[in-house]
$ cat structure.cif   # mmCIF, C-alpha atoms and all ligand atoms
data_protein
loop_
_atom_site.label_atom_id
_atom_site.label_comp_id
_atom_site.auth_asym_id
_atom_site.auth_seq_id
_atom_site.Cartn_x
_atom_site.Cartn_y
_atom_site.Cartn_z
CA MET A 1 -26.06 2.43 13.90
CA SER A 2 -25.23 6.12 14.46
CA GLU A 3 -21.68 7.44 14.26
CA GLY A 4 -21.51 8.03 18.03
CA SER A 5 -22.26 4.43 19.02
CA ARG A 6 -19.68 2.86 16.72
CA PRO A 7 -16.16 2.08 18.01
CA HIS A 8 -13.92 4.82 16.59
CA VAL A 9 -10.67 3.93 14.83
CA LEU A 10 -8.09 6.25 13.29
CA VAL A 11 -7.32 5.76 9.59
CA THR A 12 -4.16 7.70 8.70
CA GLY A 13 -3.83 8.17 4.96
CA GLY A 14 -7.61 7.76 4.91
CA ALA A 15 -8.03 9.81 1.72
CA GLY A 16 -5.54 7.62 -0.14
CA TYR A 17 -6.15 4.61 -2.32
CA ILE A 18 -6.11 1.76 0.22
CA GLY A 19 -7.11 3.88 3.23
CA SER A 20 -10.32 5.10 1.57
CA HIS A 21 -11.40 1.57 0.61
CA THR A 22 -10.56 0.34 4.10
CA ALA A 23 -12.66 3.11 5.61
CA VAL A 24 -15.64 1.76 3.66
CA ALA A 25 -14.96 -1.79 4.87
CA LEU A 26 -14.58 -0.58 8.48
CA HIS A 27 -17.87 1.26 8.31
CA GLU A 28 -19.58 -1.79 6.84
CA ALA A 29 -18.21 -3.82 9.78
CA GLY A 30 -19.70 -1.41 12.34
CA PHE A 31 -16.73 0.86 13.08
CA CYS A 32 -16.53 4.63 12.73
CA PRO A 33 -13.40 5.36 10.69
CA VAL A 34 -11.88 8.72 11.65
CA LEU A 35 -10.07 9.78 8.47
CA LEU A 36 -6.79 11.66 8.74
CA ASP A 37 -4.72 12.79 5.76
CA ASN A 38 -2.50 15.74 4.84
CA LEU A 39 -3.77 15.43 1.22
CA ASP A 40 -0.18 15.24 -0.01
CA ASN A 41 -1.12 12.45 -2.46
CA ALA A 42 -4.90 12.49 -2.33
CA SER A 43 -7.91 14.61 -3.07
CA ILE A 44 -10.68 15.68 -0.73
CA GLU A 45 -13.06 14.07 -3.23
CA ALA A 46 -11.98 10.67 -1.95
CA VAL A 47 -13.34 11.67 1.47
CA SER A 48 -16.63 12.73 -0.14
CA GLY A 49 -16.67 9.39 -1.97
CA VAL A 50 -16.25 7.42 1.25
CA ARG A 51 -19.03 9.47 2.86
CA GLU A 52 -21.27 8.88 -0.15
CA ILE A 53 -20.77 5.10 -0.09
CA CYS A 54 -21.23 4.93 3.70
CA GLN A 55 -24.15 7.37 3.65
CA GLU A 56 -22.69 9.05 6.71
CA ASP A 57 -20.80 12.28 7.36
CA LEU A 58 -17.69 10.53 8.64
CA PRO A 59 -15.08 12.67 10.40
CA PHE A 60 -12.09 13.88 8.38
CA HIS A 61 -9.07 15.81 9.71
CA GLN A 62 -6.46 17.38 7.47
CA ILE A 63 -3.43 16.70 9.66
CA ASP A 64 0.13 15.60 8.99
CA VAL A 65 1.04 12.55 11.11
CA ARG A 66 4.35 14.21 11.96
CA ASP A 67 2.45 17.05 13.66
CA GLY A 68 2.47 15.63 17.19
CA ALA A 69 0.56 18.55 18.73
CA SER A 70 -2.38 18.19 16.32
CA LEU A 71 -2.42 14.42 16.76
CA ASP A 72 -2.39 14.81 20.53
CA LYS A 73 -5.34 17.20 20.37
CA LEU A 74 -7.29 14.85 18.09
CA PHE A 75 -6.80 11.89 20.46
CA SER A 76 -7.82 14.06 23.45
CA ASP A 77 -10.87 15.49 21.69
CA LEU A 78 -12.13 12.04 20.72
CA TYR A 79 -11.68 10.87 24.30
CA ALA A 80 -13.46 13.93 25.68
CA GLN A 81 -16.45 13.42 23.37
CA GLY A 82 -16.84 9.86 24.66
CA THR A 83 -15.49 8.13 21.56
CA PRO A 84 -11.90 7.16 22.47
CA LEU A 85 -9.91 5.52 19.71
CA GLN A 86 -10.00 1.72 19.79
CA GLY A 87 -7.19 1.33 17.31
CA ILE A 88 -5.14 2.83 14.52
CA LEU A 89 -4.78 1.76 10.90
CA HIS A 90 -1.66 3.48 9.65
CA PHE A 91 -1.53 3.95 5.88
CA ALA A 92 0.00 7.43 5.66
CA ALA A 93 3.33 7.23 3.84
CA HIS A 94 5.05 8.09 0.58
CA LYS A 95 4.99 5.05 -1.71
CA ALA A 96 6.77 5.71 -5.01
CA VAL A 97 9.82 3.48 -5.33
CA GLY A 98 11.58 5.60 -7.99
CA GLU A 99 10.94 8.85 -6.15
CA SER A 100 12.38 7.34 -2.98
CA VAL A 101 15.71 6.80 -4.76
CA ALA A 102 15.82 10.52 -5.60
CA GLN A 103 14.53 11.68 -2.19
CA PRO A 104 15.60 9.15 0.45
CA ALA A 105 15.61 11.61 3.35
CA ARG A 106 12.06 12.75 2.54
CA TYR A 107 10.94 9.11 2.57
CA ALA A 108 12.70 8.33 5.85
CA SER A 109 11.30 11.45 7.48
CA ASN A 110 7.72 10.84 6.41
CA ASN A 111 7.46 7.06 6.59
CA VAL A 112 9.63 6.29 9.61
CA GLY A 113 9.40 9.69 11.33
CA GLY A 114 5.62 9.78 10.88
CA LEU A 115 5.23 6.35 12.44
CA ALA A 116 7.40 7.35 15.41
CA VAL A 117 5.32 10.44 16.19
CA LEU A 118 2.11 8.44 15.83
CA LEU A 119 3.31 5.70 18.19
CA GLU A 120 4.43 8.17 20.83
CA THR A 121 1.02 9.83 20.73
CA ALA A 122 -0.81 6.50 20.77
CA ALA A 123 1.19 5.27 23.77
CA LYS A 124 0.50 8.48 25.67
CA HIS A 125 -3.25 7.98 25.13
CA GLY A 126 -3.24 4.24 25.79
CA VAL A 127 -4.24 3.29 22.23
CA ASN A 128 -2.57 -0.09 21.83
CA ASN A 129 -4.02 -1.68 18.69
CA VAL A 130 -2.06 -0.83 15.55
CA VAL A 131 -2.49 -2.21 12.04
CA PHE A 132 0.39 -1.24 9.79
CA SER A 133 0.68 -1.07 5.98
CA SER A 134 3.78 -3.05 5.15
CA SER A 135 4.66 -4.53 1.79
CA CYS A 136 5.97 -7.65 0.10
CA THR A 137 8.86 -5.39 -0.90
CA VAL A 138 10.42 -6.30 2.49
CA TYR A 139 11.27 -9.75 1.03
CA GLY A 140 13.15 -8.45 -2.02
CA GLU A 141 13.78 -11.30 -4.49
CA PRO A 142 12.61 -14.35 -2.53
CA SER A 143 14.63 -17.56 -2.66
CA GLN A 144 11.39 -19.55 -2.95
CA VAL A 145 7.77 -18.89 -3.89
CA PRO A 146 5.15 -18.72 -2.60
CA VAL A 147 6.79 -16.61 0.06
CA SER A 148 5.79 -17.08 3.70
CA GLU A 149 6.18 -14.65 6.59
CA SER A 150 9.23 -16.51 7.87
CA ALA A 151 11.22 -15.74 4.70
CA PRO A 152 14.21 -13.54 5.55
CA PHE A 153 14.30 -9.89 4.52
CA GLN A 154 16.79 -9.14 1.74
CA THR A 155 18.77 -5.93 1.61
CA ALA A 156 16.18 -3.34 0.54
CA GLU A 157 16.24 -2.52 -3.20
CA SER A 158 15.11 1.06 -2.59
CA PRO A 159 14.86 3.65 0.19
CA TYR A 160 11.09 3.04 0.09
CA GLY A 161 11.62 -0.67 0.78
CA TRP A 162 14.00 0.21 3.56
CA THR A 163 11.37 2.42 5.23
CA LYS A 164 8.98 -0.56 5.38
CA GLN A 165 11.65 -2.78 6.92
CA ALA A 166 12.59 -0.02 9.37
CA CYS A 167 8.94 0.61 10.34
CA GLU A 168 8.43 -3.09 11.02
CA ARG A 169 11.45 -2.97 13.31
CA VAL A 170 10.22 0.16 15.10
CA LEU A 171 6.82 -1.47 15.62
CA THR A 172 8.39 -4.69 16.87
CA ASP A 173 10.55 -2.81 19.38
CA HIS A 174 7.56 -0.68 20.37
CA ALA A 175 5.42 -3.75 21.06
CA GLN A 176 8.19 -5.26 23.17
CA SER A 177 8.53 -2.08 25.21
CA LEU A 178 4.85 -1.55 25.93
CA ALA A 179 2.63 -3.92 27.91
CA GLY A 180 -0.57 -4.69 26.04
CA ALA A 181 0.55 -3.49 22.59
CA HIS A 182 -1.08 -5.43 19.74
CA VAL A 183 0.47 -4.89 16.33
CA ALA A 184 -0.42 -6.44 12.97
CA LEU A 185 2.16 -5.97 10.20
CA LEU A 186 0.24 -6.42 6.95
CA ARG A 187 2.50 -7.26 4.03
CA TYR A 188 0.50 -6.41 0.94
CA PHE A 189 1.31 -7.97 -2.40
CA ASN A 190 -0.05 -5.98 -5.39
CA PRO A 191 -3.36 -4.23 -4.61
CA ILE A 192 -5.43 -3.33 -7.69
CA GLY A 193 -9.00 -2.47 -8.67
CA ALA A 194 -11.52 -0.14 -7.11
CA HIS A 195 -14.77 -0.14 -5.16
CA PRO A 196 -17.41 -1.74 -7.43
CA SER A 197 -19.49 1.46 -7.26
CA ALA A 198 -16.61 3.31 -9.00
CA ILE A 199 -17.16 6.13 -6.51
CA ILE A 200 -13.63 5.70 -5.14
CA GLY A 201 -10.52 4.19 -6.72
CA GLU A 202 -6.83 4.83 -7.29
CA LEU A 203 -5.84 8.36 -8.29
CA PRO A 204 -2.27 8.25 -9.55
CA LEU A 205 -0.80 11.71 -10.01
CA GLY A 206 1.09 12.17 -13.27
CA VAL A 207 2.38 9.22 -15.27
CA PRO A 208 1.62 6.01 -13.37
CA ASN A 209 4.50 3.74 -12.34
CA ASN A 210 2.31 0.75 -11.56
CA LEU A 211 1.05 -1.70 -14.13
CA ILE A 212 -2.73 -1.49 -13.69
CA PRO A 213 -3.21 2.30 -13.82
CA TYR A 214 -0.83 2.45 -16.79
CA LEU A 215 -2.80 -0.32 -18.49
CA THR A 216 -6.23 1.25 -17.89
CA GLN A 217 -4.97 4.67 -19.01
CA THR A 218 -3.64 3.06 -22.20
CA ALA A 219 -6.97 1.34 -22.85
CA SER A 220 -8.76 4.66 -22.41
CA GLY A 221 -6.38 6.45 -24.79
CA ILE A 222 -4.55 8.64 -22.25
CA ARG A 223 -1.30 6.73 -22.89
CA GLN A 224 -0.32 5.55 -26.34
CA LYS A 225 1.22 2.22 -25.48
CA LEU A 226 2.03 0.08 -22.47
CA THR A 227 5.62 -1.12 -22.34
CA VAL A 228 6.03 -4.62 -20.92
CA PHE A 229 9.23 -4.44 -18.92
CA GLY A 230 11.11 -7.48 -20.21
CA ASN A 231 10.06 -10.86 -21.63
CA ASP A 232 13.30 -12.72 -21.06
CA TYR A 233 12.80 -13.60 -17.39
CA PRO A 234 12.88 -17.24 -16.23
CA THR A 235 9.05 -17.43 -15.99
CA PRO A 236 6.58 -19.42 -18.16
CA ASP A 237 6.03 -16.59 -20.67
CA GLY A 238 9.18 -14.58 -19.86
CA THR A 239 7.38 -11.71 -18.12
CA CYS A 240 7.44 -10.95 -14.37
CA VAL A 241 4.96 -12.63 -12.06
CA ARG A 242 3.08 -10.89 -9.22
CA ASP A 243 0.20 -11.57 -6.84
CA TYR A 244 -2.54 -9.04 -7.68
CA LEU A 245 -5.34 -8.74 -5.11
CA HIS A 246 -8.52 -6.68 -5.16
CA VAL A 247 -8.32 -3.57 -2.98
CA MET A 248 -11.65 -4.46 -1.30
CA ASP A 249 -10.25 -7.86 -0.31
CA LEU A 250 -7.27 -6.00 1.11
CA ALA A 251 -9.59 -3.56 2.88
CA GLU A 252 -11.49 -6.43 4.49
CA ALA A 253 -8.19 -7.92 5.70
CA HIS A 254 -7.65 -4.74 7.72
CA VAL A 255 -10.98 -5.20 9.46
CA ALA A 256 -9.98 -8.79 10.28
CA ALA A 257 -6.57 -7.61 11.55
CA LEU A 258 -8.15 -4.94 13.73
CA LYS A 259 -10.50 -7.52 15.23
CA TRP A 260 -7.51 -9.80 15.79
CA CYS A 261 -5.75 -6.98 17.69
CA LYS A 262 -8.83 -6.39 19.81
CA THR A 263 -9.08 -10.06 20.81
CA GLN A 264 -5.49 -10.28 22.11
CA ALA A 265 -5.11 -10.41 25.89
CA SER A 266 -5.03 -6.87 27.26
CA THR A 267 -1.85 -7.46 29.28
CA SER A 268 0.24 -9.27 26.68
CA SER A 269 2.16 -7.62 23.86
CA VAL A 270 2.12 -9.20 20.46
CA VAL A 271 3.42 -8.35 17.01
CA ARG A 272 2.55 -10.55 14.06
CA ALA A 273 3.21 -10.27 10.32
CA PHE A 274 0.61 -11.41 7.78
CA ASN A 275 1.00 -11.83 4.04
CA LEU A 276 -2.00 -10.50 2.15
CA GLY A 277 -2.33 -11.90 -1.34
CA THR A 278 -4.36 -14.36 -3.37
CA GLY A 279 -1.70 -17.06 -3.30
CA GLN A 280 -1.67 -17.04 -7.13
CA GLY A 281 0.89 -15.47 -9.44
CA ALA A 282 -0.02 -13.79 -12.74
CA SER A 283 2.43 -12.63 -15.41
CA VAL A 284 2.30 -9.21 -17.05
CA LEU A 285 1.06 -10.79 -20.30
CA GLU A 286 -1.61 -12.78 -18.43
CA VAL A 287 -2.84 -9.55 -16.86
CA ILE A 288 -3.08 -7.85 -20.26
CA GLN A 289 -4.88 -10.85 -21.81
CA THR A 290 -7.33 -11.15 -18.90
CA PHE A 291 -8.06 -7.42 -19.04
CA GLU A 292 -8.74 -7.58 -22.80
CA ARG A 293 -10.98 -10.63 -22.37
CA VAL A 294 -13.16 -9.28 -19.57
CA THR A 295 -13.47 -5.67 -20.75
CA GLY A 296 -13.44 -6.16 -24.51
CA GLN A 297 -10.83 -3.34 -24.71
CA GLN A 298 -7.58 -3.65 -26.63
CA VAL A 299 -4.39 -2.64 -24.85
CA ALA A 300 -1.70 -1.40 -27.23
CA HIS A 301 1.55 -2.81 -25.89
CA GLU A 302 5.10 -3.56 -26.83
CA ILE A 303 7.93 -5.49 -25.24
CA GLY A 304 10.62 -3.26 -23.79
CA GLY A 305 13.73 -3.73 -21.70
CA ARG A 306 13.76 -4.83 -18.09
CA ARG A 307 13.02 -2.21 -15.40
CA ALA A 308 15.86 -1.83 -12.91
CA GLY A 309 15.11 -3.33 -9.52
CA ASP A 310 12.18 -5.54 -10.61
CA VAL A 311 11.80 -8.83 -8.76
CA VAL A 312 11.34 -11.73 -11.21
CA ALA A 313 8.47 -13.58 -9.56
CA ILE A 314 6.75 -13.27 -6.20
CA TRP A 315 3.42 -14.40 -4.85
CA ALA A 316 2.12 -14.92 -1.35
CA ASP A 317 1.63 -17.88 0.86
CA PRO A 318 -1.45 -16.37 2.58
CA SER A 319 -2.15 -19.38 4.82
CA ARG A 320 -1.33 -17.57 8.07
CA ALA A 321 -3.91 -14.86 7.36
CA GLN A 322 -6.41 -17.53 6.33
CA LYS A 323 -5.91 -19.42 9.56
CA GLU A 324 -5.39 -16.67 12.12
CA LEU A 325 -7.46 -13.83 10.66
CA ALA A 326 -10.09 -16.05 9.00
CA TRP A 327 -9.52 -13.98 5.86
CA SER A 328 -9.00 -14.93 2.24
CA THR A 329 -9.49 -13.14 -1.05
CA GLN A 330 -13.02 -13.37 -2.49
CA ARG A 331 -12.49 -11.61 -5.84
CA ASP A 332 -10.46 -12.98 -8.74
CA LEU A 333 -8.13 -11.24 -11.17
CA ALA A 334 -10.90 -10.81 -13.77
CA THR A 335 -13.17 -9.05 -11.24
CA SER A 336 -10.31 -6.85 -10.04
CA LEU A 337 -9.51 -5.78 -13.60
CA GLN A 338 -13.18 -5.16 -14.42
CA ASP A 339 -13.47 -2.90 -11.39
CA ALA A 340 -10.23 -1.11 -12.31
CA TRP A 341 -11.67 -0.48 -15.77
CA ARG A 342 -15.04 0.73 -14.44
CA TRP A 343 -13.14 3.27 -12.32
CA GLN A 344 -11.01 4.38 -15.26
CA GLU A 345 -14.12 4.80 -17.43
CA LYS A 346 -15.62 7.01 -14.76
CA LEU A 347 -12.46 9.14 -14.57
CA GLY A 348 -12.58 9.45 -18.35
CA ARG A 349 -9.76 10.69 -20.52
P1 LIG B 401 -1.70 6.60 -1.23
O1 LIG B 401 -0.60 7.55 -1.58
O2 LIG B 401 -2.88 6.58 -2.12
O3 LIG B 401 -2.19 6.85 0.26
C1 LIG B 401 -1.35 7.34 1.27
C2 LIG B 401 -2.03 8.56 1.85
O4 LIG B 401 -1.25 9.04 2.93
C3 LIG B 401 -2.19 9.70 0.84
O5 LIG B 401 -3.54 10.09 0.81
C4 LIG B 401 -1.29 10.80 1.39
O6 LIG B 401 -1.82 12.09 1.14
C5 LIG B 401 -1.25 10.46 2.87
N1 LIG B 401 -0.05 10.89 3.57
C6 LIG B 401 1.24 10.72 3.19
N2 LIG B 401 2.06 11.24 4.12
C7 LIG B 401 1.27 11.73 5.10
C8 LIG B 401 1.52 12.40 6.33
N3 LIG B 401 2.77 12.69 6.73
N4 LIG B 401 0.47 12.75 7.10
C9 LIG B 401 -0.81 12.50 6.71
N5 LIG B 401 -1.10 11.90 5.55
C10 LIG B 401 -0.07 11.51 4.75
O7 LIG B 401 -1.05 5.15 -1.13
P2 LIG B 401 -1.76 3.74 -0.96
O8 LIG B 401 -1.52 2.97 -2.20
O9 LIG B 401 -3.12 3.90 -0.45
O10 LIG B 401 -0.82 3.12 0.16
C11 LIG B 401 -1.18 3.13 1.53
C12 LIG B 401 -0.10 2.45 2.33
O11 LIG B 401 0.08 1.12 1.84
C13 LIG B 401 1.27 3.10 2.23
O12 LIG B 401 1.89 3.00 3.49
C14 LIG B 401 1.99 2.27 1.21
O13 LIG B 401 3.38 2.31 1.40
C15 LIG B 401 1.44 0.89 1.52
N6 LIG B 401 1.50 -0.05 0.40
C16 LIG B 401 0.94 0.27 -0.80
C17 LIG B 401 1.00 -0.63 -1.85
C18 LIG B 401 0.42 -0.29 -3.19
O14 LIG B 401 0.76 -0.97 -4.18
N7 LIG B 401 -0.46 0.69 -3.32
C19 LIG B 401 1.63 -1.87 -1.66
C20 LIG B 401 2.18 -2.18 -0.42
C21 LIG B 401 2.11 -1.25 0.61
C1 LIG B 402 4.02 -4.95 -11.69
C2 LIG B 402 4.63 -5.67 -12.87
C3 LIG B 402 6.56 -4.58 -13.81
C4 LIG B 402 4.49 -1.08 -15.31
C5 LIG B 402 5.41 -1.98 -6.69
C6 LIG B 402 6.36 -1.65 -5.58
C7 LIG B 402 6.05 -2.49 -4.38
C8 LIG B 402 4.59 -2.37 -4.00
C9 LIG B 402 3.68 -2.57 -5.15
C10 LIG B 402 4.34 -0.71 -2.30
C11 LIG B 402 6.16 -5.68 -12.83
C12 LIG B 402 5.43 -4.63 -14.80
C13 LIG B 402 4.78 -2.27 -14.72
C14 LIG B 402 4.59 -0.96 -16.72
C15 LIG B 402 5.24 -3.27 -16.83
N1 LIG B 402 4.26 -1.07 -3.51
N2 LIG B 402 5.15 -3.35 -15.46
N3 LIG B 402 4.97 -2.08 -17.43
O1 LIG B 402 6.85 -3.42 -9.12
O2 LIG B 402 5.41 -5.37 -8.36
O3 LIG B 402 5.53 -3.35 -7.00
O4 LIG B 402 4.07 -1.74 -6.25
O5 LIG B 402 4.77 -1.29 -1.36
O6 LIG B 402 6.88 -2.06 -3.36
O7 LIG B 402 7.68 -1.90 -6.02
O8 LIG B 402 4.30 -3.27 -9.12
O9 LIG B 402 2.64 -2.40 -10.69
O10 LIG B 402 4.96 -1.38 -10.69
O11 LIG B 402 4.64 -3.69 -11.56
O12 LIG B 402 5.57 -4.23 -17.52
O13 LIG B 402 4.39 0.10 -17.32
O14 LIG B 402 4.28 -4.97 -14.07
O15 LIG B 402 7.78 -4.83 -14.44
O16 LIG B 402 6.57 -6.92 -13.32
P1 LIG B 402 5.63 -3.91 -8.45
P2 LIG B 402 4.10 -2.58 -10.52
#
$ encode --input "structure.cif" --output "structure tokens" --more "lines below"
Ligand code: NAD
Ligand code: WQD
Amino acid sequence: MSEGSRPHVLVTGGAGYIGSHTAVALHEAGFCPVLLDNLDNASIEAVSGVREICQEDLPFHQIDVRDGASLDKLFSDLYAQGTPLQGILHFAAHKAVGESVAQPARYASNNVGGLAVLLETAAKHGVNNVVFSSSCTVYGEPSQVPVSESAPFQTAESPYGWTKQACERVLTDHAQSLAGAHVALLRYFNPIGAHPSAIIGELPLGVPNNLIPYLTQTASGIRQKLTVFGNDYPTPDGTCVRDYLHVMDLAEAHVAALKWCKTQASTSSVVRAFNLGTGQGASVLEVIQTFERVTGQQVAHEIGGRRAGDVVAIWADPSRAQKELAWSTQRDLATSLQDAWRWQEKLGR
């Protein structure tokens, strides 16, 4: 299928970790992903990687989502060339929890402000299908696990978490104000791994905050030792429990969510939240042990103190996504960690 005959969809943050993998999944499903990124936290090589995997010169635009004039022109140009946008997958945002504490206004401006500009432009051009990158962070410390979509939001632990709660509210209000708006709020648990080709993956800048890139960098000798943040939690082995899902499973969930948006009645407005996770929790020590087993690499690690703000244990009840999106994870923790390691080996030291 040539680029021109595929339904075009906008992927903001398309050069980033999850956006780039989703672009591949969209292309595989017959869409033409139009990549947009300001390259604030990404490299142009990710765009080349997506093009290489898809074997197609997919469109890329270096635009900031807060630049309403450039967005407006992009939407108009796509319409004029006979490929109007069929939907938007909105990934573009700042995502570092610690940084958000130091720079709350920057996070509000980019994450909430960026969404607002995008929605105004989309409404002007009649683009009504929106898939949004939310996070399990909206739940805070849940009162029961697995957590379902009906669990109440807790007061946000960080300005980053607040931006996700605020964006969900903006999208909910937007859908209520606009006839025919179809919005999927995708609450990701912990995405990990990389495309099995190792052509694209996660590119953390500087010292990683997240467990998996820190772990793979330790195994490859870039970091000396991984610190396990606390082993005195009320969990089976004392370390925190999370729901780690493969980034390609997550990518495929976006395709399912986009299709869900497209099948909603054109006159009715709908907003729906979906948890995206495996439904299984794994502790920090289980992750390290699984990684060592499947890769044969040793991970130097030590037990340290707790990290401020960490939730003790959270994993998803993904049954709504299974039922309504016909989606479930296909790759297990071992596969996700193998793919994360393959990507790290390619990056080298
Ligand atoms: P990422 O930083 O790799 O990707 C985000 C991309 O958006 C980057 O390429 C960045 O350059 C771009 N960007 C940021 N602000 C922009 C702007 N104003 N205009 C245009 N481009 C902009 O992050 P990711 O891990 O791929 O996360 C994607 C989305 O998923 C984010 O909204 C994030 O909050 C959310 N999310 C991520 C995780 C996770 O663990 N990675 C978990 C839950 C939710
Ligand atoms: C996982 C586990 C750590 C690093 C964050 C955001 C969340 C979401 C996903 C965007 C925890 C432990 C980590 C290390 C460790 N992002 N750990 N040593 O904290 O679950 O979620 O990313 O929405 O909002 O908060 O992910 O990968 O940082 O940590 O022991 O060096 O690994 O304590 O238990 P987290 P993480």
$ closest_residue --input "structure.cif" --among "A:Gly82, A:Gly305, A:Gly30, A:Gly126" --to "ligand LIG 402 (chain B)" --atoms "only C-alpha atoms and all ligand atoms"
A:Gly305
$ closest_atom_pairs --input "structure.cif" --of "stretch 292-331 of chain A" --to "stretch 153-171 of chain A" --cutoff "10 Å" --atoms "only C-alpha atoms" --output "JSON lines"
{"residue": "A:Ala308", "atom": "CA", "partner": "A:Glu157", "partner_atom": "CA", "distance": 9.7}
{"residue": "A:Gly309", "atom": "CA", "partner": "A:Glu157", "partner_atom": "CA", "distance": 6.5}
{"residue": "A:Asp310", "atom": "CA", "partner": "A:Glu157", "partner_atom": "CA", "distance": 9.0}
{"residue": "A:Val311", "atom": "CA", "partner": "A:Glu157", "partner_atom": "CA", "distance": 9.5}
$ residues_near_ligand --input "structure.cif" --ligand "ligand LIG 402 (chain B)" --cutoff "6 Å" --atoms "only C-alpha atoms and all ligand atoms" --output "number ranges by chain"
A: 95, 97, 135, 137, 190, 209-211, 214, 226-229, 240, 284, 307, 310
$ residues_around --input "structure.cif" --residues "A:Leu325" --least-positions-apart "4" --cutoff "10 Å" --atoms "all atoms listed in the file" --output "PyMOL selection string"
chain A and resi 253-261+274+319-321
$ atom_distance --input "structure.cif" --atom1 "atom CA of A:Ser76" --atom2 "atom CA of A:Val117"
15.4 Å
$ residues_around --input "structure.cif" --residues "A:Val183" --least-positions-apart "2" --cutoff "8 Å" --atoms "all atoms listed in the file" --output "VMD selection string"
chain A and resid 128 to 132 171 to 172 175 181 185 261 270 to 272
$ write_last_selection --input "structure.cif" --atoms "C-alpha atoms" --output "PDB file, keeping the file's coordinate frame"
ATOM      1  CA  ASN A 128      -2.570  -0.090  21.830  1.00  0.00           C
ATOM      2  CA  ASN A 129      -4.020  -1.680  18.690  1.00  0.00           C
ATOM      3  CA  VAL A 130      -2.060  -0.830  15.550  1.00  0.00           C
ATOM      4  CA  VAL A 131      -2.490  -2.210  12.040  1.00  0.00           C
ATOM      5  CA  PHE A 132       0.390  -1.240   9.790  1.00  0.00           C
ATOM      6  CA  LEU A 171       6.820  -1.470  15.620  1.00  0.00           C
ATOM      7  CA  THR A 172       8.390  -4.690  16.870  1.00  0.00           C
ATOM      8  CA  ALA A 175       5.420  -3.750  21.060  1.00  0.00           C
ATOM      9  CA  ALA A 181       0.550  -3.490  22.590  1.00  0.00           C
ATOM     10  CA  LEU A 185       2.160  -5.970  10.200  1.00  0.00           C
ATOM     11  CA  CYS A 261      -5.750  -6.980  17.690  1.00  0.00           C
ATOM     12  CA  VAL A 270       2.120  -9.200  20.460  1.00  0.00           C
ATOM     13  CA  VAL A 271       3.420  -8.350  17.010  1.00  0.00           C
ATOM     14  CA  ARG A 272       2.550 -10.550  14.060  1.00  0.00           C
TER      15      ARG A 272
END
$ residues_near_ligand --input "structure.cif" --ligand "ligand LIG 401 (chain B)" --cutoff "7 Å" --atoms "all atoms listed in the file" --output "number ranges by chain"
A: 12-19, 36-42, 63-66, 91-95, 110, 114, 133-136, 187-191, 202
$ residues_near_point --input "structure.cif" --point "(2.8, -13.3, -11.2)" --cutoff "8 Å" --atoms "all atoms listed in the file" --output "short mmCIF file (atom, residue, chain, number, x, y, z; two decimals) with C-alpha atoms, keeping the file's coordinate frame"
data_model
loop_
_atom_site.label_atom_id
_atom_site.label_comp_id
_atom_site.auth_asym_id
_atom_site.auth_seq_id
_atom_site.Cartn_x
_atom_site.Cartn_y
_atom_site.Cartn_z
CA CYS A 240 7.44 -10.95 -14.37
CA VAL A 241 4.96 -12.63 -12.06
CA ARG A 242 3.08 -10.89 -9.22
CA ASP A 243 0.20 -11.57 -6.84
CA TYR A 244 -2.54 -9.04 -7.68
CA GLN A 280 -1.67 -17.04 -7.13
CA GLY A 281 0.89 -15.47 -9.44
CA ALA A 282 -0.02 -13.79 -12.74
CA SER A 283 2.43 -12.63 -15.41
CA VAL A 284 2.30 -9.21 -17.05
CA ALA A 313 8.47 -13.58 -9.56
CA ILE A 314 6.75 -13.27 -6.20
CA TRP A 315 3.42 -14.40 -4.85
#
$ closest_residue --input "structure.cif" --among "A:Ala198, A:Gly4, A:Val312, A:Gly238" --to "A:Pro142" --atoms "all atoms listed in the file"
A:Val312
$ closest_residue --input "structure.cif" --among "A:Gly206, A:Gly98, A:Gly140, A:Pro146" --to "A:Arg223" --atoms "all atoms listed in the file"
A:Gly206
$ atom_distance --input "structure.cif" --atom1 "atom CA of A:Leu333" --atom2 "atom CA of A:Ala29"
24.4 Å
$ residues_around --input "structure.cif" --residues "A:Gln55" --least-positions-apart "4" --cutoff "12 Å" --atoms "all atoms listed in the file" --output "list in words"
Met1, Ser2, Glu3, Val24, His27, Glu28, Val47, Ser48, Gly49, Val50 and Arg51 of chain A
$ residues_around --input "structure.cif" --residues "A:Ala219" --least-positions-apart "2" --cutoff "9 Å" --atoms "all atoms listed in the file" --output "PDB file with C-alpha atoms, in the frame of the given file"
ATOM      1  CA  TYR A 214      -0.830   2.450 -16.790  1.00  0.00           C
ATOM      2  CA  LEU A 215      -2.800  -0.320 -18.490  1.00  0.00           C
ATOM      3  CA  THR A 216      -6.230   1.250 -17.890  1.00  0.00           C
ATOM      4  CA  GLN A 217      -4.970   4.670 -19.010  1.00  0.00           C
ATOM      5  CA  GLY A 221      -6.380   6.450 -24.790  1.00  0.00           C
ATOM      6  CA  ILE A 222      -4.550   8.640 -22.250  1.00  0.00           C
ATOM      7  CA  ARG A 223      -1.300   6.730 -22.890  1.00  0.00           C
ATOM      8  CA  GLN A 224      -0.320   5.550 -26.340  1.00  0.00           C
ATOM      9  CA  LYS A 225       1.220   2.220 -25.480  1.00  0.00           C
ATOM     10  CA  GLN A 297     -10.830  -3.340 -24.710  1.00  0.00           C
ATOM     11  CA  GLN A 298      -7.580  -3.650 -26.630  1.00  0.00           C
ATOM     12  CA  VAL A 299      -4.390  -2.640 -24.850  1.00  0.00           C
ATOM     13  CA  ALA A 300      -1.700  -1.400 -27.230  1.00  0.00           C
ATOM     14  CA  TRP A 341     -11.670  -0.480 -15.770  1.00  0.00           C
TER      15      TRP A 341
END
